[in-house]
Each structure stands twice: as structure tokens, then as C-alpha cells.
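A.B. asks: First the structure, then my questions, so here it is.
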Amino acid sequence: MKKFATWNVNSLSIRLPQVLDWLSAHPVDALVLQETKLTDDKFPTLEIGEAGYQVQWFGQKTYNGVALISREKATDVVKNITGFADEQARVIAGTVDGLRVIGGYFPNGQAPDSDKFTYKMNWLTSLRHWLIQELKAHENVVLMGDFNIAPEDRDVYDPVAWAGQIHCTPEEREHFQQLIQLGFTDAFRLFDQPPKSWSWWDYRNLAFRKNQGLRIDHILVSEALKGRVTACEIDKLPRKNERPSDHAPVILTLDG
DNA sequence: ATGTCGGGACCTTCCCGA
């Protein structure tokens with residue numbers, strides 16, 4: 001049995017103790033983090049090493065930043081999308097125990113009429129082209145992270161209010177479906193899930209208390225892995241911590 | 001409710017991004 005997870009921590013400086021606590025309760029084989037918001041020289045390699053994990057990291061000042069934490073050292077590490085020049089640190093990929101693990105912090109996009117949305121569309125197109133190559137090179141691929149896309153209306157607490165809004169536009173959802181068409185499966189939807197399952201709740205408006213959220217953090221598995229998936233769950237517990245991230249971790253369990 | 005966070009700088013208060 002193997003376990004993989006993704007978590008947007010919204011600043012690893014603030015959240016490191018929670019990440020270490022979480023790892024001791026959930027000793028996963030690999031965990032990808034998003035929004036570390038740390039330059040590479042400030043990355044807490046020592047603390048993560050003391051917890052018994054290897055780590056690869058790729059960050060920048062103030063914004064973005066990703067990491068791949070794993071029991072076994074990741075090899076063939078790639079930072080950002082090959083073939084897409086990007087100022088922003090958003091992707092880290094590595095091979096762990098024969099599985100290609102790709103962690104992504106997809107652009108937020110801000111608003112459908114913004115420059116940031118155009119960037120998001122270009123980023124998604126480039127990601128897809130690169131993934132075609134990754135899928136040719138690796139049979140077992142796990143693509144996970146903060147996609148900043150709610151794929152369907154059932155992934156949105158108020159689909160009417162959010163219709164056409166960022167995370168829910170037809171263009172973003174089309175990009176998500178194009179990833180699925182590469183041969184990926186949304187592991188969360190392989191199983192019956194509680195209704196109103198979200199992975200993100202706005203800090204504002206008492207959103208978590210009212211369970212007003214979106215499912216925008218995902219774990220996609222390649223065709224060869226689909227039959228090995230035995231569970232995929234959102235762990236809401238860390239969102240109840242005293243200084244929580246606005247995102248909850250998502251956990252994948254594989255047979256064998 | 002444009003309601004909260006986190007980081008950073010023109011730094012104890014504002015701005016941006018989410």
C-alpha cells in the first residue's frame with residue numbers, strides 16, 4: 001500500500017509545525033506542497049529531514065513555491081513546465097518508488113477578464129503539452145496539487161453564484177477535461193463521497209464554519225494506476241487548527 | 001460585507017494576492 005498527498009499550506013514558514021504534525025499522523029510516501037512562499041535558501045530542509053523525509057523544493061519570494069517531500073529520494077527532478085518559460089515557481093516533479101509524482105500550483109487566474117486569466121490559460125496549455133511527454137516516458141503518473149479549478153457544479157457550494165466566476169469558468173473546466181482526456185482519472189470521483197466535499201474554504205465570511213467551499217485541490221492518476229486506487233479523501237481536520245491554511249490536504253491510497 | 005490571511009515595504013499601517 002502506498003499513500004500520496006497534496007496540500008496547499010499558504011506559507012510554509014507559518015505552517016511547518018502543522019506539516020510535521022500531519023506527517024507524523026499520516027506517514028505518506030510522498031507529499032507535495034504548494035504556496036510555500038519561501039526562497040530556496042530559507043527552505044526548512046533540516047526539520048523535514050529530521051522527520052525522516054527527503055525533500056526537493058523550488059521557491060521564490062512572497063508568492064508561489066512548491067515542494068516534493070518523500071520517504072525515498074526523488075530522482076529525475078524537474079522544476080516548472082518543460083518548454084514554458086515561467087517567472088513563477090509552480091511545478092515540481094520527481095520519480096519516487098517508480099512513480100512519477102508531479103505537484104502543481106496552478107495559477108489562480110484572478111478574474112476571467114484579467115491578464116492573469118490569460119496567463120492561466122497559456123500555463124494550462126503548456127502543462128498539457130508537457131504532460132503528453134511525461135506520459136510517454138512514465139506509465140505510472142500522479143498529478144496532484146492546487147488546480148484552482150472546480151471541475152463540476154457539484155464541486156462548488158453555490159454553483160449559481162459562482163457560475164462563470166474564476167475557478168468555475170467553462171474555459172477552465174475545458175482545460176480540466178483535456179487533462180482527463182490525456183488518460184488521467186480524478187481519483188476522488190472513483191468513490192462515493194460525502195456531498196458538499198470541499199478542499200478550500202475562504203478565510204472570510206466564516207466560510208469554513210458554514211461549509212462554503214470549493215473542491216479545487218485534486219489528485220489525477222494515469223490509466224495504469226487507476227485500478228490500484230483504493231481510496232481518495234480530503235482531510236478536513238487541519239482546517240480546524242488554530243492557524244489553518246485555507247486548503248485541506250487530499251490523500252490518495254494505492255494498492256500494491 | 002470588500003467580512004481574513006500572509007508577506008513585504010515607503011515598516012505599527014498600508015498594499016497586493018489569494
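Letters for chains follow the order of the C-alpha cells (A, B, ...), residue numbers begin at 1 for each chain, and ligand numbers begin at 1 in the order shown.
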As an mmCIF file with N, CA, C and O atoms (P, O5', C5', C4', C3', O3' and C1' of nucleotides), in the first residue's frame, could you give me every residue of chain B near chain A (at most 10 Å apart, counting only C-alpha atoms (C1' of nucleotides))?
C.D. replies:
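So the final result, stored in out_20.cif, reads:
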data_model
loop_
_atom_site.group_PDB
_atom_site.id
_atom_site.type_symbol
_atom_site.label_atom_id
_atom_site.label_comp_id
_atom_site.auth_asym_id
_atom_site.auth_seq_id
_atom_site.Cartn_x
_atom_site.Cartn_y
_atom_site.Cartn_z
ATOM 1 P P DA B 1 -25.085 41.575 2.750
ATOM 2 O "O5'" DA B 1 -23.528 41.673 3.072
ATOM 3 C "C5'" DA B 1 -22.604 41.081 2.276
ATOM 4 C "C4'" DA B 1 -21.477 42.083 2.088
ATOM 5 C "C3'" DA B 1 -20.118 41.363 1.916
ATOM 6 O "O3'" DA B 1 -19.318 42.216 1.116
ATOM 7 C "C1'" DA B 1 -19.997 42.792 3.734
ATOM 8 P P DG B 3 -13.258 42.611 3.141
ATOM 9 O "O5'" DG B 3 -13.363 42.135 4.633
ATOM 10 C "C5'" DG B 3 -14.055 42.938 5.589
ATOM 11 C "C4'" DG B 3 -14.595 42.047 6.683
ATOM 12 C "C3'" DG B 3 -13.922 40.692 6.776
ATOM 13 O "O3'" DG B 3 -13.877 40.280 8.126
ATOM 14 C "C1'" DG B 3 -16.187 40.375 6.285
ATOM 15 P P DT B 4 -12.446 40.126 8.804
ATOM 16 O "O5'" DT B 4 -11.767 38.882 8.102
ATOM 17 C "C5'" DT B 4 -12.254 37.575 8.345
ATOM 18 C "C4'" DT B 4 -11.147 36.590 8.020
ATOM 19 C "C3'" DT B 4 -9.858 36.813 8.800
ATOM 20 O "O3'" DT B 4 -9.236 35.549 8.906
ATOM 21 C "C1'" DT B 4 -9.408 37.093 6.527
ATOM 22 P P DC B 5 -8.485 35.120 10.198
ATOM 23 O "O5'" DC B 5 -7.170 34.446 9.638
ATOM 24 C "C5'" DC B 5 -6.148 35.264 9.199
ATOM 25 C "C4'" DC B 5 -5.537 34.684 7.956
ATOM 26 C "C3'" DC B 5 -4.031 34.809 7.988
ATOM 27 O "O3'" DC B 5 -3.457 33.529 7.948
ATOM 28 C "C1'" DC B 5 -4.948 35.711 5.958
ATOM 29 P P DG B 6 -2.002 33.340 8.561
ATOM 30 O "O5'" DG B 6 -1.070 33.894 7.404
ATOM 31 C "C5'" DG B 6 -0.794 33.102 6.265
ATOM 32 C "C4'" DG B 6 0.105 33.898 5.358
ATOM 33 C "C3'" DG B 6 1.320 34.494 6.067
ATOM 34 O "O3'" DG B 6 2.485 33.964 5.475
ATOM 35 C "C1'" DG B 6 0.209 36.124 4.724
ATOM 36 P P DG B 7 3.917 34.410 5.904
ATOM 37 O "O5'" DG B 7 4.277 35.539 4.846
ATOM 38 C "C5'" DG B 7 4.378 35.178 3.471
ATOM 39 C "C4'" DG B 7 4.821 36.388 2.693
ATOM 40 C "C3'" DG B 7 6.053 37.086 3.264
ATOM 41 O "O3'" DG B 7 6.953 37.321 2.205
ATOM 42 C "C1'" DG B 7 4.268 38.636 3.028
ATOM 43 P P DG B 8 8.388 37.888 2.456
ATOM 44 O "O5'" DG B 8 8.167 39.434 2.126
ATOM 45 C "C5'" DG B 8 7.761 39.802 0.812
ATOM 46 C "C4'" DG B 8 7.525 41.281 0.755
ATOM 47 C "C3'" DG B 8 8.657 42.113 1.373
ATOM 48 O "O3'" DG B 8 9.054 43.093 0.444
ATOM 49 C "C1'" DG B 8 6.558 42.795 2.214
ATOM 50 P P DG B 17 -1.228 42.136 -7.458
ATOM 51 O "O5'" DG B 17 -1.494 40.737 -6.763
ATOM 52 C "C5'" DG B 17 -0.391 39.944 -6.360
ATOM 53 C "C4'" DG B 17 -0.894 38.756 -5.598
ATOM 54 C "C3'" DG B 17 -2.050 38.014 -6.293
ATOM 55 O "O3'" DG B 17 -1.663 36.675 -6.442
ATOM 56 C "C1'" DG B 17 -2.562 38.444 -3.998
ATOM 57 P P DA B 18 -2.590 35.628 -7.249
ATOM 58 O "O5'" DA B 18 -3.413 34.941 -6.077
ATOM 59 C "C5'" DA B 18 -2.699 34.283 -5.032
ATOM 60 C "C4'" DA B 18 -3.651 33.889 -3.943
ATOM 61 C "C3'" DA B 18 -4.909 33.158 -4.409
ATOM 62 O "O3'" DA B 18 -5.037 31.930 -3.735
ATOM 63 C "C1'" DA B 18 -5.452 34.839 -2.861
#
A.B. asks: Just asking: which residues within stretch 161-226 of chain A are strand (DSSP E) according to DSSP, as a PyMOL selection string?
C.D. replies: chain A and resi 185-186+200-201+213-214+217-221
A.B. asks: Please report the interatomic distance between atom CA of A:Met144 and atom CA of A:Arg239 in Å with one decimal.
C.D. replies: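 Going from atom CA of A:Met144 over to atom CA of A:Arg239, I get 19.1 Å.
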A.B. asks: Would you list the contacts of A:Phe106 as an MDAnalysis selection string, taking every protein, DNA or RNA residue within 7 Å and counting only C-alpha atoms (C1' of nucleotides), but skipping same-chain residues closer than 6 positions in sequence?
C.D. replies: chainID A and resid 90 146:148
A.B. asks: Write out as an mmCIF file with all heavy atoms, in the first residue's frame each polymer residue whose atoms come within 8 Å of A:Lys226, counting only C-alpha atoms (C1' of nucleotides); drop sequence neighbours fewer than 5 positions from it.
C.D. replies:
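Just written: part-v6.cif:
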data_model
loop_
_atom_site.group_PDB
_atom_site.id
_atom_site.type_symbol
_atom_site.label_atom_id
_atom_site.label_comp_id
_atom_site.auth_asym_id
_atom_site.auth_seq_id
_atom_site.Cartn_x
_atom_site.Cartn_y
_atom_site.Cartn_z
ATOM 1 N N THR A 185 -7.406 10.071 -14.484
ATOM 2 C CA THR A 185 -8.667 9.892 -13.770
ATOM 3 C C THR A 185 -8.634 10.722 -12.490
ATOM 4 O O THR A 185 -7.630 10.722 -11.775
ATOM 5 C CB THR A 185 -8.870 8.405 -13.406
ATOM 6 O OG1 THR A 185 -8.934 7.649 -14.612
ATOM 7 C CG2 THR A 185 -10.153 8.201 -12.606
ATOM 8 N N ALA A 187 -9.113 10.847 -9.080
ATOM 9 C CA ALA A 187 -9.198 9.746 -8.101
ATOM 10 C C ALA A 187 -10.328 9.938 -7.098
ATOM 11 O O ALA A 187 -10.964 8.965 -6.668
ATOM 12 C CB ALA A 187 -7.860 9.600 -7.367
ATOM 13 N N VAL A 221 -4.712 10.386 -11.604
ATOM 14 C CA VAL A 221 -3.815 9.243 -11.796
ATOM 15 C C VAL A 221 -3.886 8.761 -13.241
ATOM 16 O O VAL A 221 -4.942 8.825 -13.883
ATOM 17 C CB VAL A 221 -4.154 8.075 -10.837
ATOM 18 C CG1 VAL A 221 -3.947 8.495 -9.384
ATOM 19 C CG2 VAL A 221 -5.566 7.563 -11.052
#
A.B. asks: Give me, as number ranges by chain, the residues of stretch 25-237 of chain A that a backbone DSSP run labels helix (DSSP H, G or I).
C.D. replies: A: 25, 40-42, 45-50, 115-137, 153-155, 159-162, 170-181, 187-190, 223-226, 237
A.B. asks: Write out as number ranges by chain each polymer residue whose atoms come within 12 Å of A:Ala224, counting only C-alpha atoms (C1' of nucleotides); drop sequence neighbours fewer than 4 positions from it.
C.D. replies: A: 99-100, 135, 138-142, 183-185, 220, 228-229, 254
A.B. asks: Please provide as a list in words all residues within 12 Å of A:Asp86, with the sequence filter that same-chain residues fewer than 6 positions apart are discarded (counting only C-alpha atoms (C1' of nucleotides)).
C.D. replies: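 Listed by chain and then number, they are Gln60, Asn64, Lys79, Asn80, Pro107, Tyr119, Lys120, Asn122, Trp123, Ser126 and Leu127 of chain A.
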A.B. asks: Excluding A:Phe4 and residues on its chain fewer than 5 positions from it, collect all residues at most 8 Å away from it, counting only C-alpha atoms (C1' of nucleotides), and give them as a ChimeraX atom specification.
C.D. replies: /A:28-31,251-253
A.B. asks: Could you tell me how far atom CA of A:Thr39 lies from atom CA of A:Leu143, in Å and to one decimal?
C.D. replies: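 Separation between atom CA of A:Thr39 and atom CA of A:Leu143: 23.7 Å.
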A.B. asks: Mind giving me the straight-line distance from atom CA of A:Pro195 to atom CA of A:Ser24 in Å, one decimal?
C.D. replies: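 Value for the atom CA of A:Pro195-atom CA of A:Ser24 distance: 28.6 Å.
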